[in-house]
Amino acid sequence: MSLLVSGRIATLAGDTGFGWVEALAVAGGRVLAAGRLADVEALAGPGWTRWRLGDGFAVMPAMTDAHMHLTMLARARDQVDLSAADELEGYLALLRVAHQRRLAAGDSTGWLLGHGWSPAHIGGWPTAAMLESAAPGRPIALWAHDHHSRWASPAALAMAGIGRGTADPAGGVIQRDDAGEPIGVLSEAAAGLLNEVVPAATADELEAPLAALAADLAALGVVACHDPNELDVDAGIGVAQELYRRLAEAGRLPLRVHASIREHHLEAAIDAGLRSGEGVAAAMGAGPRARRLAERYRMGWLKLFADGSLGSRSAALLEPYSDAAHRPPTGGPAGMFVARREELAGHLGRAAAAGIAGQVHAIGDAAVRLALDLLAEQPRLALRPRIEHAQLVHPDDVPRFGQLGVAASIQPIHLRSDAAMARRSWGARAELAFPIAGALAGGALVPFGTDAPVEPIDPWPGIAVAMCRRDPLRLTDQPLGRQHAIDLAAALRSACLHPALVAGEEDRGRLVAGHRADMLVVPSRPFDNSADAAVIAQARPLATLLDGEPVFRAPEFDP
Ligand SMILES: [Zn+2]
C-alpha cells in the first residue's frame, strides 16, 4: 500500500535525539520522503491511504531483536516451562502434571523436555533423583534458565551413557556428589552429551509455533531478529532452510531473520556456500512473492562460546569470584573458558575465509578481553564482528569495541535478573557491568536483544532498564552502574538501528528516504514521560508495518 502518515514521527535521523518530522510517505515498501507535511503531501496520490495521527500517537522505526533464540522458543512452546515456578516443589509439581498428562495419552517412555529452572531458586544444584520421584522411568532433559546447564533424569543419563566413569568433556562439567557420582546436572559443554539422545525437532513440528511466535513479536513491535543458533539440536542447517521456505511459501513469515550457525555446522555451511548476509532460502524456484519473503531469511554469523555464564558461575573473570571462598565457582575460582584460544581462532579464521563473520559469547571480563583480541585479528566482512552479552568488561577494554569495530551485543534486560547475583559474585566490579553508555561513547554499535527464552520476548522492559539501570517496576531497587545509563533516543537506536547496521542492512532502522518502511505506531506517552521507566517498560504498539505492509494492528487503532 502507499501511505501518507502525518503526526509526530521519530525518524532517528542524525546521531542524537529523535529526529522528529511531521509527515512520512511510504510507497513500494520504502520511505519515499520524511519531513514537513506540505512537502511530503505533494508526493501523495489520490489513491493513497492517509493516517492522520493525533497528539496521543507517535511513529518510530520497528525493532530488531539482536539476540533471540527463535527456533528454541518455537520448540519450547510444547515443552514444560519451569519459569512458572520459583522453588523446587513448584518445579516438581509442574513435571508431575506433564508426566501424568503423557501417561494419560498412552506415552510412558517418551522424552519430557523443558527449560526455565534456576539453581538460585533451589539453593544449589537439583538432582536426577528428584526427577525420578516426579516422573519415574521417564527420560527428562531440562535446560536451566540461562541455557548453560541441563538437569537430566536417571533414564536420560543412562541413555546417554553418563555414569561415574564418564570424564568431563573439554569445556564442560558433569556435576558430581562427594563420591564422584553424577548428580544429574550437566554444565556447559557437558550439556551437549545429551544431544545425541534427545530427539531432534523437525520442520513439521516447528512450522506452526514459529509462525505464531512471529505474530506475537509483531504485536510487540519486533519485525526482525538475529538467532544465535540455527536449531537447538543437531538437526542440521537443512531443517531450518526447509522450515523458512515453507513459511515463506505460505505467506507466514512476518519477520526478518539472520540465523547464526554453531561450529559443528561450519563445514556444512561452507560446503553449501552460505555467506554472512546472504539469503539462504531464496533460490527455491517458488513464485516471486515466496521468493521475496524467503529473502527475509539470511545467513548470520558463526556463533562461538568463550566462557559460561554468571548464573552457572562459569563466566571467565580476570580476578576470582568475590564469593569464591564459600561457594566454589564452576571450573575454578575465576570461572572457566569453555574453549581454547587456538580453537576459537581456528574456527573464526576458517569461517572468515569463506565469508562468514564471527560472534563470540563472552560474559566475564577475561572472556570479553579474549574475544576482542580474537575478533581484532579477523578481516572485515559484510556483517560486523560482535561479542554477545559483554556483561562484565574491564574499563581498559570498553573503548576497544569502538576502536576495533566490534559490536557489543548487550541484552539490558539481563541487568534486571542479574544485578543481585552480580553484586554477590563480582563485588564492586558489578558496577562496571553492562557498559552501554561507555561502549556507545567509544563509537561502538550496541545492538539490544532479549536473549529469549532466557528472558521474555518483550523488548520494552529492556529499553527501560537501559535507561534506569534497575527493574523499571521496582522503584526501590538500587541502580547498577548508573554511569552507563542512556536516554530514550539512544536506547531506541540500540533497539532499532544498531541491530540493522550490525547485520549490514544500511537501509533499515531509520525512517528516512530510501529506508525500508519497517515502522511502528506507538502511544506518545513514552516520549512525553521519558523519565518514567515504568511507562516505557509497558509500552505497546498500535500498529506494526514490515516493508510498508501492516503485520499487526490493534483492534482499537482506527486512524
Ligand atoms: Zn542467548
# chains A, B, ... in the order shown; residues from 1 in each chain; ligands from 1
$ select_by_dssp --residues "range 12-124 of chain A" --states "strand (DSSP E or B)" --output "JSON, numbers by chain"
{"A": [20, 21, 22, 23, 24, 25, 26, 27, 30, 31, 32, 33, 34, 35, 49, 50, 51, 52, 57, 58, 59, 60, 61, 63, 64, 65, 80, 81, 112, 113, 114, 115, 116, 117]}
$ residues_near_ligand --ligand "ligand 1" --cutoff "9 Å" --atoms "only C-alpha atoms and all ligand atoms" --output "compact mmCIF listing (two decimals) with C-alpha atoms, in the first residue's frame"
# COMPACT_ATOMS: atom_id res chain seq x y z
CA HIS A 67 19.81 -11.90 20.23
CA MET A 68 16.77 -14.15 20.31
CA HIS A 69 16.72 -17.94 20.16
CA ASP A 146 20.45 -19.42 31.36
CA HIS A 147 20.81 -22.42 28.98
CA ASP A 227 19.01 -16.04 16.07
CA PRO A 228 22.34 -17.08 17.59
CA ASN A 229 21.76 -20.74 16.83
CA HIS A 361 29.69 -15.29 23.57
CA GLU A 388 27.40 -11.49 22.79
CA HIS A 389 26.43 -10.29 26.29
CA THR A 450 16.25 -10.05 24.89
CA ASP A 451 18.05 -13.41 24.79
CA ALA A 452 14.58 -15.01 24.88
CA PRO A 453 13.82 -17.68 26.09
CA VAL A 454 16.27 -16.74 28.85
$ residues_around --residues "range 76-91 of chain A" --least-positions-apart "3" --cutoff "9 Å" --atoms "only C-alpha atoms" --output "list in words"
Thr71, Met72, Leu73, Leu94, Leu95, Arg96, Ala98, Leu112, Leu113, Gly114, His115, Gly116, Trp117, Ser118, Ala120, His121, Ile122, Pro126, Leu142, His145, Pro209 and Pro453 of chain A
$ residues_around --residues "range 373-384 of chain A" --least-positions-apart "2" --cutoff "9 Å" --atoms "only C-alpha atoms" --output "ChimeraX atom specification"
/A:275-277,300-301,341,344-345,348-349,352-353,355-360,368-371,386-387,404-407,501-505
$ write_last_selection --atoms "C-alpha atoms" --output "tab-separated table (two decimals), in the first residue's frame"
chain	number	residue	atom	x	y	z
A	275	ARG	CA	27.91	-16.40	3.36
A	276	SER	CA	27.03	-13.90	6.07
A	277	GLY	CA	24.27	-11.54	4.99
A	300	GLY	CA	24.06	-14.66	10.16
A	301	TRP	CA	27.32	-15.35	11.97
A	341	ARG	CA	42.11	-19.69	22.30
A	344	LEU	CA	38.35	-20.31	18.67
A	345	ALA	CA	40.88	-18.58	16.43
A	348	LEU	CA	36.91	-17.84	13.21
A	349	GLY	CA	39.67	-17.96	10.59
A	352	ALA	CA	36.12	-15.69	7.65
A	353	ALA	CA	37.93	-17.24	4.68
A	355	GLY	CA	32.79	-15.11	4.06
A	356	ILE	CA	31.20	-15.96	7.39
A	357	ALA	CA	31.60	-13.36	10.17
A	358	GLY	CA	32.11	-14.23	13.83
A	359	GLN	CA	30.14	-13.66	17.01
A	360	VAL	CA	31.58	-14.75	20.33
A	368	VAL	CA	35.49	-10.37	26.76
A	369	ARG	CA	39.18	-9.47	26.52
A	370	LEU	CA	39.95	-12.75	24.73
A	371	ALA	CA	37.03	-12.29	22.33
A	386	ARG	CA	30.21	-8.98	17.59
A	387	ILE	CA	30.52	-10.06	21.20
A	404	LEU	CA	38.11	-2.37	16.66
A	405	GLY	CA	34.64	-2.07	15.11
A	406	VAL	CA	33.34	-4.93	17.25
A	407	ALA	CA	29.68	-4.63	18.27
A	501	LEU	CA	23.81	-1.91	10.94
A	502	VAL	CA	25.48	-4.92	12.59
A	503	ALA	CA	23.70	-7.08	10.01
A	504	GLY	CA	24.89	-4.88	7.14
A	505	GLU	CA	21.37	-3.55	6.50
$ residues_around --residues "range 35-44 of chain A" --least-positions-apart "5" --cutoff "10 Å" --atoms "only C-alpha atoms" --output "list in words"
Ser2, Leu3, Leu4, Val5, Ser6, Gly7, Ile9, Thr11, Gly19, Trp20, Val21, Glu22, Ala23, Leu24, Ala25, Val26, Ala27, Thr49, Arg50, Val512 and Ala513 of chain A
$ select_by_dssp --residues "range 111-142 of chain A" --states "helix (DSSP H, G or I)" --output "ChimeraX atom specification"
/A:119-122,128-134
$ residues_around --residues "range 528-539 of chain A" --least-positions-apart "2" --cutoff "8 Å" --atoms "only C-alpha atoms" --output "list in words"
Trp460, Pro461, Gly462, Ile463, Ala464, Val465, Met467, Cys468, Pro472, Leu473, Asp487, Leu488, Val522, Pro523, Ser524, Arg525, Pro526 and Pro541 of chain A
$ write_last_selection --atoms "N, CA and C atoms" --output "short mmCIF file (atom, residue, chain, number, x, y, z; two decimals), in the first residue's frame"
data_model
loop_
_atom_site.label_atom_id
_atom_site.label_comp_id
_atom_site.auth_asym_id
_atom_site.auth_seq_id
_atom_site.Cartn_x
_atom_site.Cartn_y
_atom_site.Cartn_z
N TRP A 460 10.42 -4.05 25.33
CA TRP A 460 10.23 -2.75 26.01
C TRP A 460 10.85 -2.69 27.40
N PRO A 461 10.70 -3.72 28.24
CA PRO A 461 11.36 -3.62 29.57
C PRO A 461 12.87 -3.44 29.46
N GLY A 462 13.50 -4.05 28.47
CA GLY A 462 14.95 -3.91 28.30
C GLY A 462 15.33 -2.47 27.97
N ILE A 463 14.52 -1.81 27.15
CA ILE A 463 14.77 -0.40 26.82
C ILE A 463 14.70 0.44 28.09
N ALA A 464 13.70 0.13 28.92
CA ALA A 464 13.55 0.87 30.19
C ALA A 464 14.73 0.60 31.11
N VAL A 465 15.18 -0.66 31.18
CA VAL A 465 16.31 -1.00 32.06
C VAL A 465 17.57 -0.25 31.62
N MET A 467 17.77 2.58 30.51
CA MET A 467 17.65 3.97 30.94
C MET A 467 17.76 4.12 32.44
N CYS A 468 17.17 3.18 33.21
CA CYS A 468 17.14 3.36 34.67
C CYS A 468 18.09 2.43 35.42
N PRO A 472 12.50 -1.74 36.08
CA PRO A 472 11.73 -0.50 35.91
C PRO A 472 10.46 -0.47 36.75
N LEU A 473 10.01 -1.62 37.22
CA LEU A 473 8.78 -1.64 38.01
C LEU A 473 9.05 -1.70 39.51
N ASP A 487 19.78 7.65 27.40
CA ASP A 487 18.44 8.23 27.26
C ASP A 487 17.59 7.42 26.25
N LEU A 488 16.31 7.79 26.17
CA LEU A 488 15.39 7.01 25.33
C LEU A 488 15.82 7.01 23.87
N VAL A 522 3.03 3.99 17.93
CA VAL A 522 3.02 3.72 19.37
C VAL A 522 2.31 4.87 20.08
N PRO A 523 1.86 4.65 21.32
CA PRO A 523 1.34 5.78 22.09
C PRO A 523 2.48 6.78 22.31
N SER A 524 2.18 8.07 22.39
CA SER A 524 3.25 9.07 22.53
C SER A 524 3.72 9.22 23.97
N ARG A 525 3.02 8.57 24.92
CA ARG A 525 3.38 8.74 26.34
C ARG A 525 4.83 8.45 26.65
N PRO A 526 5.43 7.36 26.13
CA PRO A 526 6.85 7.12 26.45
C PRO A 526 7.74 8.30 26.06
N PRO A 541 2.86 -1.28 20.80
CA PRO A 541 2.48 -0.64 19.55
C PRO A 541 0.98 -0.78 19.26
#
$ residues_around --residues "Gly137 in chain A" --least-positions-apart "6" --cutoff "8 Å" --atoms "only C-alpha atoms" --output "list in words"
Thr109, Pro154 and Ala155 of chain A
$ write_last_selection --atoms "C-alpha atoms" --output "compact mmCIF listing (two decimals), in the first residue's frame"
# COMPACT_ATOMS: atom_id res chain seq x y z
CA THR A 109 8.60 -43.65 27.91
CA PRO A 154 18.34 -41.21 35.56
CA ALA A 155 16.81 -42.63 32.34
